[in-house]
file target.cif (mmCIF, C-alpha atoms)
data_target
#
loop_
_atom_site.label_atom_id
_atom_site.label_comp_id
_atom_site.auth_asym_id
_atom_site.auth_seq_id
_atom_site.Cartn_x
_atom_site.Cartn_y
_atom_site.Cartn_z
CA MET A 503 -11.61 34.80 -48.57
CA ASN A 504 -15.00 35.05 -46.85
CA ILE A 505 -14.91 34.00 -43.19
CA ALA A 506 -17.86 33.19 -40.94
CA VAL A 507 -17.43 33.32 -37.17
CA LEU A 508 -19.65 31.31 -34.82
CA VAL A 509 -19.99 32.78 -31.33
CA SER A 510 -21.89 32.37 -28.07
CA GLY A 511 -20.35 34.95 -25.73
CA ARG A 512 -18.29 38.10 -25.49
CA GLY A 513 -16.28 37.50 -28.66
CA SER A 514 -12.79 38.67 -27.70
CA ASN A 515 -11.24 36.27 -30.22
CA LEU A 516 -13.69 37.58 -32.83
CA GLN A 517 -12.35 41.07 -32.02
CA ALA A 518 -8.78 39.84 -32.48
CA ILE A 519 -9.68 38.55 -35.96
CA ILE A 520 -11.48 41.80 -36.83
CA ASP A 521 -8.46 43.83 -35.67
CA SER A 522 -6.06 41.69 -37.70
CA ILE A 523 -8.17 42.25 -40.83
CA GLU A 524 -8.53 45.99 -40.28
CA SER A 525 -4.77 46.34 -39.71
CA GLY A 526 -4.06 44.58 -43.01
CA TYR A 527 -2.32 41.61 -41.35
CA LEU A 528 -5.03 39.22 -42.49
CA LYS A 529 -6.19 39.47 -46.11
CA ALA A 530 -9.76 38.26 -45.71
CA ARG A 531 -13.18 39.54 -44.75
CA ILE A 532 -15.74 38.41 -42.20
CA SER A 533 -18.96 38.03 -44.18
CA VAL A 534 -21.15 36.99 -41.24
CA VAL A 535 -21.11 36.40 -37.48
CA ILE A 536 -23.63 33.82 -36.24
CA SER A 537 -24.66 33.27 -32.62
CA ASP A 538 -26.85 30.72 -30.85
CA ILE A 539 -27.37 33.29 -28.05
CA GLU A 540 -29.57 36.27 -28.87
CA ASN A 541 -27.86 38.82 -26.61
CA ALA A 542 -24.27 37.62 -27.11
CA TYR A 543 -21.91 40.57 -26.79
CA ALA A 544 -20.05 39.30 -29.85
CA LEU A 545 -23.04 40.23 -32.07
CA GLY A 546 -22.66 43.82 -30.90
CA ARG A 547 -18.98 43.74 -31.80
CA ALA A 548 -19.90 42.57 -35.32
CA LYS A 549 -22.49 45.32 -35.79
CA LYS A 550 -20.04 47.96 -34.57
CA HIS A 551 -17.73 46.94 -37.43
CA ARG A 552 -20.60 46.76 -39.95
CA ILE A 553 -20.45 43.00 -40.19
CA GLU A 554 -23.69 41.06 -40.72
CA ALA A 555 -24.75 39.66 -37.31
CA VAL A 556 -27.27 36.81 -37.23
CA PHE A 557 -28.96 35.07 -34.30
CA VAL A 558 -30.13 31.54 -35.08
CA ASP A 559 -32.32 30.33 -32.21
CA PRO A 560 -31.70 26.62 -31.46
CA GLU A 561 -34.99 26.48 -29.52
CA LYS A 562 -36.93 26.90 -32.77
CA TYR A 563 -35.67 23.60 -34.17
CA SER A 564 -36.64 20.11 -33.06
CA SER A 565 -33.20 18.61 -33.76
CA LYS A 566 -29.56 19.58 -34.03
CA ASP A 567 -29.66 18.62 -37.71
CA LEU A 568 -32.49 21.08 -38.48
CA TYR A 569 -30.76 23.82 -36.49
CA GLU A 570 -27.48 23.25 -38.34
CA LYS A 571 -29.28 23.26 -41.70
CA GLN A 572 -30.48 26.76 -40.89
CA VAL A 573 -26.95 27.82 -39.87
CA LEU A 574 -25.68 26.27 -43.11
CA ALA A 575 -28.24 28.27 -45.10
CA VAL A 576 -26.92 31.49 -43.51
CA LEU A 577 -23.32 30.44 -44.27
CA LYS A 578 -24.16 29.73 -47.91
CA LYS A 579 -26.06 33.01 -48.26
CA HIS A 580 -22.92 34.86 -47.16
CA ASN A 581 -20.57 32.72 -49.29
CA ALA A 582 -18.57 31.59 -46.26
CA GLU A 583 -15.44 29.66 -47.23
CA LEU A 584 -13.95 29.22 -43.75
CA ILE A 585 -15.66 28.88 -40.36
CA LEU A 586 -14.03 30.06 -37.15
CA LEU A 587 -15.37 28.99 -33.77
CA ALA A 588 -14.81 31.77 -31.23
CA GLY A 589 -16.33 30.82 -27.91
CA TYR A 590 -19.11 28.90 -29.67
CA MET A 591 -20.58 26.63 -27.00
CA LYS A 592 -22.28 24.05 -29.21
CA ILE A 593 -20.62 20.85 -30.40
CA LEU A 594 -20.80 20.73 -34.19
CA GLY A 595 -22.76 17.93 -35.84
CA LYS A 596 -22.45 16.12 -39.16
CA THR A 597 -24.37 18.75 -41.14
CA LEU A 598 -21.75 21.47 -40.68
CA LEU A 599 -18.74 19.14 -40.40
CA SER A 600 -19.45 17.46 -43.73
CA ALA A 601 -20.26 20.72 -45.54
CA TYR A 602 -17.05 22.38 -44.30
CA LYS A 603 -14.65 19.45 -43.92
CA ASN A 604 -11.16 20.75 -43.02
CA ARG A 605 -12.50 24.31 -43.24
CA ILE A 606 -13.47 24.83 -39.59
CA LEU A 607 -10.97 26.12 -37.01
CA ASN A 608 -11.26 26.42 -33.25
CA ILE A 609 -9.20 28.02 -30.49
CA HIS A 610 -8.97 26.11 -27.21
CA PRO A 611 -7.46 27.53 -23.98
CA ALA A 612 -5.22 24.55 -23.20
CA LEU A 613 -2.35 22.62 -24.73
CA LEU A 614 -4.33 19.85 -26.38
CA PRO A 615 -4.69 16.91 -26.07
CA ALA A 616 -4.54 17.85 -22.36
CA PHE A 617 -7.65 19.37 -20.78
CA PRO A 618 -10.29 19.26 -23.52
CA GLY A 619 -13.84 20.50 -22.95
CA LEU A 620 -15.10 23.26 -20.70
CA HIS A 621 -13.10 25.30 -18.15
CA ALA A 622 -9.78 24.10 -19.57
CA GLN A 623 -7.74 26.79 -17.77
CA LYS A 624 -9.29 25.82 -14.42
CA GLN A 625 -8.68 22.12 -15.17
CA ALA A 626 -5.00 22.81 -15.88
CA PHE A 627 -4.56 25.07 -12.85
CA GLU A 628 -6.15 22.58 -10.47
CA TYR A 629 -4.08 19.74 -11.93
CA GLY A 630 -0.97 21.66 -10.94
CA VAL A 631 0.69 22.03 -14.34
CA LYS A 632 3.76 24.27 -14.60
CA VAL A 633 3.02 25.22 -18.22
CA ALA A 634 -0.40 25.92 -19.73
CA GLY A 635 -1.34 27.53 -23.03
CA CYS A 636 -3.67 27.49 -26.02
CA THR A 637 -4.20 25.55 -29.23
CA VAL A 638 -5.66 26.33 -32.65
CA HIS A 639 -6.88 23.19 -34.34
CA PHE A 640 -9.07 21.88 -37.13
CA VAL A 641 -12.50 20.76 -35.95
CA ASP A 642 -13.60 17.17 -36.47
CA GLU A 643 -16.21 14.79 -35.02
CA THR A 644 -14.44 14.42 -31.65
CA LEU A 645 -14.45 17.26 -29.10
CA ASP A 646 -11.17 19.23 -29.19
CA CYS A 647 -9.40 16.41 -31.04
CA GLY A 648 -8.79 17.78 -34.54
CA ALA A 649 -5.33 18.16 -36.06
CA ILE A 650 -3.28 20.86 -34.31
CA ILE A 651 -2.20 23.95 -36.28
CA LEU A 652 -0.49 26.16 -33.67
CA GLN A 653 0.14 26.12 -29.93
CA ARG A 654 1.49 28.70 -27.51
CA CYS A 655 2.84 28.04 -24.02
CA VAL A 656 2.10 30.15 -20.94
CA GLU A 657 4.09 29.70 -17.73
CA VAL A 658 2.06 29.08 -14.59
CA LYS A 659 3.33 31.46 -11.89
CA GLU A 660 3.44 30.66 -8.19
CA ASP A 661 0.98 33.45 -7.37
CA ASP A 662 -1.46 32.64 -10.20
CA THR A 663 -5.14 31.96 -9.71
CA ASP A 664 -7.14 30.18 -12.38
CA GLU A 665 -8.48 33.62 -13.39
CA THR A 666 -5.07 35.30 -13.79
CA LEU A 667 -3.83 32.27 -15.71
CA ALA A 668 -6.91 32.39 -17.97
CA ASP A 669 -6.26 36.09 -18.67
CA ARG A 670 -2.66 35.43 -19.76
CA ILE A 671 -3.71 32.50 -21.90
CA LEU A 672 -6.33 34.72 -23.57
CA GLU A 673 -3.61 37.24 -24.50
CA GLN A 674 -1.84 34.47 -26.42
CA GLU A 675 -5.10 33.27 -27.99
CA HIS A 676 -5.52 36.72 -29.53
CA LYS A 677 -2.09 36.34 -31.16
CA ILE A 678 -2.13 32.78 -32.46
CA TYR A 679 -5.70 32.65 -33.78
CA PRO A 680 -5.15 35.38 -36.40
CA GLU A 681 -1.77 33.76 -37.19
CA ALA A 682 -3.40 30.38 -37.84
CA VAL A 683 -6.18 31.95 -39.93
CA LYS A 684 -3.54 33.78 -41.99
CA LEU A 685 -1.80 30.45 -42.70
CA PHE A 686 -5.11 28.95 -43.83
CA VAL A 687 -6.02 31.93 -46.01
CA GLU A 688 -2.56 31.82 -47.63
CA ASN A 689 -3.07 28.08 -48.35
CA ARG A 690 -0.01 27.16 -46.29
CA LEU A 691 -1.54 24.32 -44.25
CA ARG A 692 -1.42 20.66 -45.26
CA ILE A 693 -3.07 17.96 -43.15
CA GLU A 694 -1.13 14.69 -43.16
CA GLY A 695 -2.81 12.25 -40.80
CA ARG A 696 -2.69 13.80 -37.33
CA LYS A 697 -0.07 16.34 -38.35
CA VAL A 698 -0.50 19.75 -39.94
CA LYS A 699 2.47 20.78 -42.10
CA ILE A 700 3.08 24.53 -42.38
CA LEU A 701 4.46 25.47 -45.80
CA GLN A 702 6.91 28.32 -46.33
CA SER A 703 5.42 31.43 -47.91
#
call {"tool": "encode", "arguments": {"input": "target.cif", "output": "structure tokens"}}
result
Amino acid sequence: MNIAVLVSGRGSNLQAIIDSIESGYLKARISVVISDIENAYALGRAKKHRIEAVFVDPEKYSSKDLYEKQVLAVLKKHNAELILLAGYMKILGKTLLSAYKNRILNIHPALLPAFPGLHAQKQAFEYGVKVAGCTVHFVDETLDCGAIILQRCVEVKEDDTDETLADRILEQEHKIYPEAVKLFVENRLRIEGRKVKILQS
């Protein structure tokens, strides 16, 4: 299966996917990495692993729709069958959502539906939760609201800061994102309303 990864930053979850493919755990290939930020470190990671790295400049387009049409053209050129969001800081619009319905995954650093949006780890820490974590979910029209595939809990320690908590959550992100992608690639996910059923292999 051809995977496209959309990025905006350092791309540590992209690296986790690359590593899982190179180790043989995930039977797929990343055909393209697309960024809305020209100097995103994630593009360098892609190039290091000889993966096509493409910068699509949102400033060149007068609307989100036109920008997403260009992204879609790149996806089609590289025969992308699944899109992974890995620190991609744009909210997807109808153009991409309709073209890849139920074929876009995201990783979020909180136990959804709690703490959607930006700085989720900081939100959770400041709220005083005893357990935080991360969620892999399908992407739909509502921010961080798509059907949940996998979640992983992380205990909040008494001496944590929001940064140390974020670091431990990130460790779990790097484990469950490849796991969720593997389930998708193996056609073991079924969406039934709000629930995602995981089929036995």
call {"tool": "closest_residue", "arguments": {"input": "target.cif", "among": "A:Ile693, A:Ala555, A:Ala601, A:Ala682", "to": "Ser522 (chain A)", "atoms": "only C-alpha atoms"}}
result
A:Ala682
call {"tool": "closest_residue", "arguments": {"input": "target.cif", "among": "A:Ala544, A:Met503, A:Val509, A:Ala616", "to": "Leu586 (chain A)", "atoms": "all atoms listed in the file"}}
result
A:Val509
call {"tool": "resolve_selection", "arguments": {"input": "target.cif", "expression": "the PyMOL selection byres ((chain A and resi 529) around 10)", "output": "ChimeraX atom specification"}}
result
/A:503-504,522-528,530-531,683-684,687-688
call {"tool": "write_last_selection", "arguments": {"input": "target.cif", "atoms": "C-alpha atoms", "output": "mmCIF file, in the coordinates of the input"}}
result
data_model
loop_
_atom_site.group_PDB
_atom_site.id
_atom_site.type_symbol
_atom_site.label_atom_id
_atom_site.label_comp_id
_atom_site.auth_asym_id
_atom_site.auth_seq_id
_atom_site.Cartn_x
_atom_site.Cartn_y
_atom_site.Cartn_z
ATOM 1 C CA MET A 503 -11.610 34.800 -48.570
ATOM 2 C CA ASN A 504 -15.000 35.050 -46.850
ATOM 3 C CA SER A 522 -6.060 41.690 -37.700
ATOM 4 C CA ILE A 523 -8.170 42.250 -40.830
ATOM 5 C CA GLU A 524 -8.530 45.990 -40.280
ATOM 6 C CA SER A 525 -4.770 46.340 -39.710
ATOM 7 C CA GLY A 526 -4.060 44.580 -43.010
ATOM 8 C CA TYR A 527 -2.320 41.610 -41.350
ATOM 9 C CA LEU A 528 -5.030 39.220 -42.490
ATOM 10 C CA ALA A 530 -9.760 38.260 -45.710
ATOM 11 C CA ARG A 531 -13.180 39.540 -44.750
ATOM 12 C CA VAL A 683 -6.180 31.950 -39.930
ATOM 13 C CA LYS A 684 -3.540 33.780 -41.990
ATOM 14 C CA VAL A 687 -6.020 31.930 -46.010
ATOM 15 C CA GLU A 688 -2.560 31.820 -47.630
#
call {"tool": "resolve_selection", "arguments": {"input": "target.cif", "expression": "the PyMOL selection byres ((chain A and resi 604) around 8)", "output": "list in words"}}
result
Tyr602, Lys603, Arg605, Ile606, Phe640, Val641 and Asp642 of chain A
call {"tool": "atom_distance", "arguments": {"input": "target.cif", "atom1": "CA of Lys697 (chain A)", "atom2": "CA of Ile505 (chain A)"}}
result
23.6 Å
call {"tool": "residues_around", "arguments": {"input": "target.cif", "residues": "region 660-663 of chain A", "least_positions_apart": "3", "cutoff": "10 Å", "atoms": "only C-alpha atoms", "output": "VMD selection string"}}
result
chain A and resid 623 to 624 627 to 628 632 657 666 to 669
call {"tool": "closest_atom_pairs", "arguments": {"input": "target.cif", "of": "region 568-679 of chain A", "to": "region 557-562 of chain A", "cutoff": "9 Å", "atoms": "all atoms listed in the file", "output": "JSON lines"}}
result
{"residue": "A:Leu568", "atom": "CA", "partner": "A:Pro560", "partner_atom": "CA", "distance": 9.0}
{"residue": "A:Tyr569", "atom": "CA", "partner": "A:Pro560", "partner_atom": "CA", "distance": 5.8}
{"residue": "A:Glu570", "atom": "CA", "partner": "A:Pro560", "partner_atom": "CA", "distance": 8.7}
{"residue": "A:Gln572", "atom": "CA", "partner": "A:Val558", "partner_atom": "CA", "distance": 7.5}
{"residue": "A:Val573", "atom": "CA", "partner": "A:Val558", "partner_atom": "CA", "distance": 6.8}
call {"tool": "resolve_selection", "arguments": {"input": "target.cif", "expression": "the PyMOL selection byres ((chain A and resi 610) around 9)", "output": "PyMOL selection string"}}
result
chain A and resi 589+608-609+611-614+618-619+622+635-639+646+675
